[in-house]
Amino acid sequence: MDFNLTEEQTMLRDSMRDFAKERLAPLAEEADHQGFTHPDIIKELAELGYCGICTPPEYGGAGFDTLCYALAIEEVSKVDASIGVMLSVTNSPAQLPILDFGSEALKKKYIPKLASGTCIGAFSLTEANAGSDAASIKLSAELNGDHYVLSGLKQFVTNGGIADIFIVFGVTDKSAGSKGISAFIVEKSFPGVKVGKVENKMGLKASSTAEIIFENCKVPKENLIGEPGQGYKIALATLDHSRIGIAAQALGIAEGAFEQALEYSKQRVQFGKSICQFQAIQFMLSDMATEIEAARYLIYNAAWRYDQKQRMSKEVSIAKLFAAEMSFRVVHKALQIHGGYGYMKEYPIERMYRDQRATEIYEGTSEVQRMVIASNLLK
Ligand SMILES: Cc1cc2nc3c(=O)[nH]c(=O)nc-3n(C[C@H](O)[C@H](O)[C@H](O)COP(=O)(O)OP(=O)(O)OC[C@H]3O[C@@H](n4cnc5c(N)ncnc54)[C@H](O)[C@@H]3O)c2cc1C
């Protein structure tokens, strides 16, 4: 068993690490405060190829493996988790449905735009009454001659306010349950697409999360991804990949918080000593380091299995569940090590504490991950 990263993986990780440190870290606090990521930053990330990490080169991507995708999201999330989720979504759940299930014409038309970052992508599944129970979505998609008419509302859409291309799941056959769901590519410029409420969130404030409204939106028939009724299958297959990105985001947040806490513990003096000399603090740091290491190998294993085309839904859910809950424990301890200063906005730990929470909720809550793991155990 070889645990070393390849030359390519090391190179990608290091270049993202440098970019995150030099360009993103100085802007993260301001971006959180203002509630958006500056378009120039997204442009720079796109120019460096970070919008098409795993996208095959024939469609304009870098053609790297899933571990590279995880490494990039991990590194960026160490300093700015909002950019972590923005990149995760435009790389994975906005492209995979097209790459894995779309026609050649759809791949040629949309993937180069997404992979180059000329267009930002979003994945719109959740509705007001369909979150964990995604099969109960209601957005209607009726075939009418050479187009589908989409009517309904999607909510909590990451990149919602900045995306140009949406993967949208709608019901094409009400009587067929989850087999009546279909997936579509919808351009923001299509008549009948409107950005609704932009959410005011607890964390990830520089990431746009919005409602997307579809009012008799005409979508060309050829923008159906795969076959009618394949949508739910497409969503689940996509989540197997994109959850690796969210697990990596959680890992990155935990690592960033750990680094802050380690450094702070060396500098903060109480009772005439650096607080890192107290065993209580050392034990917290040791537990944090141990859990981070465990999550890292679960995620890298899930990414490796994905690329080996091995069965991996269980391993992906294990990695996402553990990384998300681990990052909660780690940011909690990191803030504790900062004492009262950790509660103040001057230190990035306060932002990391808020940002972390979403990793336990989106792309399947921790309870949903447990359901996936259990269903695999009981097969
Ligand atoms: C910041 C953010 C960004 C998001 N981005 C996107 C996006 O880009 N695209 C998108 O489609 N969605 C997105 N979402 C939505 C997200 O995926 C859902 O919020 C999530 O799946 C949970 O759905 P819900 O909020 O409706 O909660 P519910 O499904 O109502 O769950 C409420 C609680 O009940 C629990 N629960 C539900 N069912 C069961 C069960 N059977 N057994 C045990 N417990 C259960 C849940 O685990 C949770 O604790 C985003 C959410 C957030 C917070």
# chains A, B, ... in the order shown; residues from 1 in each chain; ligands from 1

$ residues_near_ligand --ligand "ligand 1" --cutoff "8 Å" --atoms "only C-alpha atoms and all ligand atoms" --output "number ranges by chain"
A: 89, 122-134, 154-160, 201, 203-204, 209, 358, 361-368, 371

$ select_by_dssp --residues "segment 123-177 of chain A" --states "helix (DSSP H, G or I)" --output "PyMOL selection string"
chain A and resi 134-136+174-177

$ residues_around --residues "Leu96 of chain A" --least-positions-apart "5" --cutoff "10 Å" --atoms "only C-alpha atoms" --output "PyMOL selection string"
chain A and resi 54-55+90-91+101-102+111+167+234-235+237-239+241-242

$ closest_atom_pairs --of "segment 347-377 of chain A" --to "segment 318-336 of chain A" --cutoff "9 Å" --atoms "only C-alpha atoms" --output "Markdown table"
| residue | atom | partner | partner_atom | distance |
| --- | --- | --- | --- | --- |
| A:Ile349 | CA | A:Leu335 | CA | 6.1 |
| A:Glu350 | CA | A:Leu335 | CA | 7.2 |
| A:Met352 | CA | A:Val331 | CA | 6.9 |
| A:Tyr353 | CA | A:Val331 | CA | 5.6 |
| A:Gln356 | CA | A:Phe328 | CA | 6.5 |
| A:Arg357 | CA | A:Phe328 | CA | 6.9 |
| A:Ala358 | CA | A:Ala324 | CA | 8.6 |
| A:Thr359 | CA | A:Ala324 | CA | 5.4 |
| A:Glu360 | CA | A:Ala324 | CA | 5.2 |
| A:Ile361 | CA | A:Ala324 | CA | 8.8 |
| A:Thr365 | CA | A:Leu321 | CA | 8.2 |
| A:Ser366 | CA | A:Leu321 | CA | 5.5 |
| A:Glu367 | CA | A:Leu321 | CA | 8.5 |
| A:Gln369 | CA | A:Leu321 | CA | 6.0 |
| A:Arg370 | CA | A:Leu321 | CA | 7.5 |
| A:Val372 | CA | A:Ile318 | CA | 8.9 |
| A:Ile373 | CA | A:Ile318 | CA | 6.8 |

$ closest_residue --among "A:Val195, A:Ala254, A:Val269, A:Ala206" --to "Glu75 of chain A" --atoms "only C-alpha atoms"
A:Ala254

$ residues_around --residues "Ala28 of chain A" --least-positions-apart "4" --cutoff "7 Å" --atoms "only C-alpha atoms" --output "PyMOL selection string"
chain A and resi 24+32+80

$ write_last_selection --atoms "all heavy atoms" --output "PDB file, in the first residue's frame"
ATOM      1  N   LEU A  24      -5.951  34.220  -1.083  1.00  0.00           N
ATOM      2  CA  LEU A  24      -7.268  34.103  -0.446  1.00  0.00           C
ATOM      3  C   LEU A  24      -7.266  34.496   1.030  1.00  0.00           C
ATOM      4  O   LEU A  24      -8.187  35.169   1.497  1.00  0.00           O
ATOM      5  CB  LEU A  24      -7.815  32.673  -0.590  1.00  0.00           C
ATOM      6  CG  LEU A  24      -7.846  32.111  -2.014  1.00  0.00           C
ATOM      7  CD1 LEU A  24      -8.474  30.734  -2.043  1.00  0.00           C
ATOM      8  CD2 LEU A  24      -8.637  33.053  -2.941  1.00  0.00           C
ATOM      9  N   ASP A  32     -16.124  37.515   4.050  1.00  0.00           N
ATOM     10  CA  ASP A  32     -17.142  37.037   4.999  1.00  0.00           C
ATOM     11  C   ASP A  32     -18.000  38.218   5.458  1.00  0.00           C
ATOM     12  O   ASP A  32     -19.231  38.131   5.516  1.00  0.00           O
ATOM     13  CB  ASP A  32     -16.442  36.386   6.198  1.00  0.00           C
ATOM     14  CG  ASP A  32     -17.410  35.922   7.274  1.00  0.00           C
ATOM     15  OD1 ASP A  32     -18.182  34.990   6.993  1.00  0.00           O
ATOM     16  OD2 ASP A  32     -17.403  36.503   8.373  1.00  0.00           O
ATOM     17  N   ASP A  80     -10.518  29.636   3.323  1.00  0.00           N
ATOM     18  CA  ASP A  80     -11.798  30.246   2.970  1.00  0.00           C
ATOM     19  C   ASP A  80     -12.773  29.154   2.503  1.00  0.00           C
ATOM     20  O   ASP A  80     -12.767  28.750   1.338  1.00  0.00           O
ATOM     21  CB  ASP A  80     -11.610  31.307   1.874  1.00  0.00           C
ATOM     22  CG  ASP A  80     -12.870  32.133   1.657  1.00  0.00           C
ATOM     23  OD1 ASP A  80     -13.971  31.614   1.923  1.00  0.00           O
ATOM     24  OD2 ASP A  80     -12.758  33.287   1.228  1.00  0.00           O
TER      25      ASP A  80
END

$ residues_around --residues "Pro191 of chain A" --least-positions-apart "4" --cutoff "12 Å" --atoms "only C-alpha atoms" --output "mmCIF file with N, CA and C atoms, in the first residue's frame"
data_model
loop_
_atom_site.group_PDB
_atom_site.id
_atom_site.type_symbol
_atom_site.label_atom_id
_atom_site.label_comp_id
_atom_site.auth_asym_id
_atom_site.auth_seq_id
_atom_site.Cartn_x
_atom_site.Cartn_y
_atom_site.Cartn_z
ATOM 1 N N VAL A 149 -41.420 22.512 -20.179
ATOM 2 C CA VAL A 149 -41.783 23.725 -19.444
ATOM 3 C C VAL A 149 -41.589 23.448 -17.957
ATOM 4 N N LEU A 150 -40.670 24.202 -17.339
ATOM 5 C CA LEU A 150 -40.357 24.001 -15.923
ATOM 6 C C LEU A 150 -41.071 25.049 -15.080
ATOM 7 N N SER A 151 -41.768 24.571 -14.039
ATOM 8 C CA SER A 151 -42.448 25.507 -13.121
ATOM 9 C C SER A 151 -42.233 25.030 -11.700
ATOM 10 N N VAL A 186 -30.232 24.076 -17.406
ATOM 11 C CA VAL A 186 -30.978 25.320 -17.604
ATOM 12 C C VAL A 186 -29.996 26.487 -17.543
ATOM 13 N N GLU A 187 -30.050 27.312 -18.561
ATOM 14 C CA GLU A 187 -29.188 28.498 -18.550
ATOM 15 C C GLU A 187 -29.920 29.631 -17.838
ATOM 16 N N ILE A 213 -36.206 30.586 -9.080
ATOM 17 C CA ILE A 213 -37.620 30.464 -9.436
ATOM 18 C C ILE A 213 -37.742 30.145 -10.929
ATOM 19 N N PHE A 214 -38.570 29.177 -11.232
ATOM 20 C CA PHE A 214 -38.805 28.794 -12.635
ATOM 21 C C PHE A 214 -40.284 29.061 -12.946
ATOM 22 N N GLU A 215 -40.525 30.033 -13.818
ATOM 23 C CA GLU A 215 -41.900 30.399 -14.164
ATOM 24 C C GLU A 215 -42.126 30.093 -15.630
ATOM 25 N N ASN A 216 -42.816 28.981 -15.894
ATOM 26 C CA ASN A 216 -43.036 28.548 -17.281
ATOM 27 C C ASN A 216 -41.754 28.676 -18.096
ATOM 28 N N CYS A 217 -40.696 28.164 -17.545
ATOM 29 C CA CYS A 217 -39.376 28.284 -18.179
ATOM 30 C C CYS A 217 -39.234 27.238 -19.294
ATOM 31 N N LYS A 218 -39.005 27.731 -20.508
ATOM 32 C CA LYS A 218 -38.905 26.816 -21.660
ATOM 33 C C LYS A 218 -37.475 26.300 -21.784
ATOM 34 N N VAL A 219 -37.325 24.984 -21.678
ATOM 35 C CA VAL A 219 -35.996 24.370 -21.768
ATOM 36 C C VAL A 219 -35.982 23.456 -22.999
ATOM 37 N N PRO A 220 -35.073 23.673 -23.955
ATOM 38 C CA PRO A 220 -35.065 22.819 -25.155
ATOM 39 C C PRO A 220 -35.001 21.332 -24.771
#

$ residues_around --residues "Gln277 of chain A" --least-positions-apart "5" --cutoff "10 Å" --atoms "only C-alpha atoms" --output "PyMOL selection string"
chain A and resi 265-266+269+282

$ write_last_selection --atoms "N, CA, C and O atoms" --output "tab-separated table (two decimals), in the first residue's frame"
chain	number	residue	atom	x	y	z
A	265	SER	N	-1.60	28.82	20.71
A	265	SER	CA	-1.23	28.20	22.00
A	265	SER	C	0.26	28.40	22.31
A	265	SER	O	0.67	28.36	23.46
A	266	LYS	N	1.05	28.62	21.26
A	266	LYS	CA	2.48	28.86	21.49
A	266	LYS	C	2.72	30.31	21.94
A	266	LYS	O	3.64	30.59	22.67
A	269	VAL	N	0.43	33.59	26.62
A	269	VAL	CA	1.07	33.30	27.91
A	269	VAL	C	0.07	33.54	29.05
A	269	VAL	O	-0.57	34.59	29.11
A	282	GLN	N	-2.37	20.56	25.44
A	282	GLN	CA	-1.66	19.57	24.61
A	282	GLN	C	-2.60	18.42	24.23
A	282	GLN	O	-2.58	17.94	23.10

$ atom_distance --atom1 "atom CA of Gln260 of chain A" --atom2 "atom CA of Thr66 of chain A"
27.7 Å

$ residues_around --residues "Arg17 of chain A" --least-positions-apart "6" --cutoff "12 Å" --atoms "only C-alpha atoms" --output "PDB file with C-alpha atoms, in the first residue's frame"
ATOM      1  CA  THR A  10       1.667  17.016  -4.812  1.00  0.00           C
ATOM      2  CA  MET A  11       2.077  19.740  -7.417  1.00  0.00           C
ATOM      3  CA  ARG A  23      -4.329  35.463  -2.437  1.00  0.00           C
ATOM      4  CA  LEU A  24      -7.268  34.103  -0.446  1.00  0.00           C
ATOM      5  CA  ALA A  25      -6.207  34.326   3.196  1.00  0.00           C
ATOM      6  CA  LEU A  71      -6.801  18.111  -2.253  1.00  0.00           C
ATOM      7  CA  ALA A  72      -7.745  21.375  -3.964  1.00  0.00           C
ATOM      8  CA  ILE A  73     -10.963  21.766  -1.948  1.00  0.00           C
ATOM      9  CA  GLU A  74      -9.109  20.859   1.259  1.00  0.00           C
ATOM     10  CA  GLU A  75      -6.404  23.477   0.680  1.00  0.00           C
ATOM     11  CA  VAL A  76      -8.761  26.287  -0.256  1.00  0.00           C
ATOM     12  CA  SER A  77     -11.104  25.503   2.661  1.00  0.00           C
ATOM     13  CA  LYS A  78      -8.255  25.825   5.145  1.00  0.00           C
ATOM     14  CA  VAL A  79      -8.412  29.561   4.594  1.00  0.00           C
ATOM     15  CA  ASP A  80     -11.798  30.246   2.970  1.00  0.00           C
ATOM     16  CA  GLY A 252      -9.741  21.761   5.315  1.00  0.00           C
ATOM     17  CA  GLY A 256      -7.158  25.585   9.232  1.00  0.00           C
TER      18      GLY A 256
END

$ atom_distance --atom1 "atom CA of Ile244 of chain A" --atom2 "atom CA of Val85 of chain A"
11.5 Å

$ closest_atom_pairs --of "segment 221-320 of chain A" --to "segment 141-144 of chain A" --cutoff "12 Å" --atoms "only C-alpha atoms" --output "Markdown table"
| residue | atom | partner | partner_atom | distance |
| --- | --- | --- | --- | --- |
| A:Lys221 | CA | A:Leu143 | CA | 7.8 |
| A:Glu222 | CA | A:Leu143 | CA | 11.4 |
| A:Asn223 | CA | A:Leu143 | CA | 11.9 |
| A:Leu224 | CA | A:Ala141 | CA | 10.2 |
| A:Pro228 | CA | A:Leu143 | CA | 10.2 |
| A:Gly229 | CA | A:Ala141 | CA | 11.1 |
| A:Gly231 | CA | A:Ala141 | CA | 11.7 |

$ select_by_dssp --residues "segment 205-342 of chain A" --states "strand (DSSP E or B)" --output "list in words"
Thr209, Ala210, Glu211, Ile212, Ile213, Phe214, Glu215, Asn216, Cys217, Lys218, Val219, Pro220, Leu224, Ile225, Val269, Gln270, Lys273 and Ser274 of chain A

$ atom_distance --atom1 "atom CA of Phe190 of chain A" --atom2 "atom CA of Ile41 of chain A"
26.7 Å
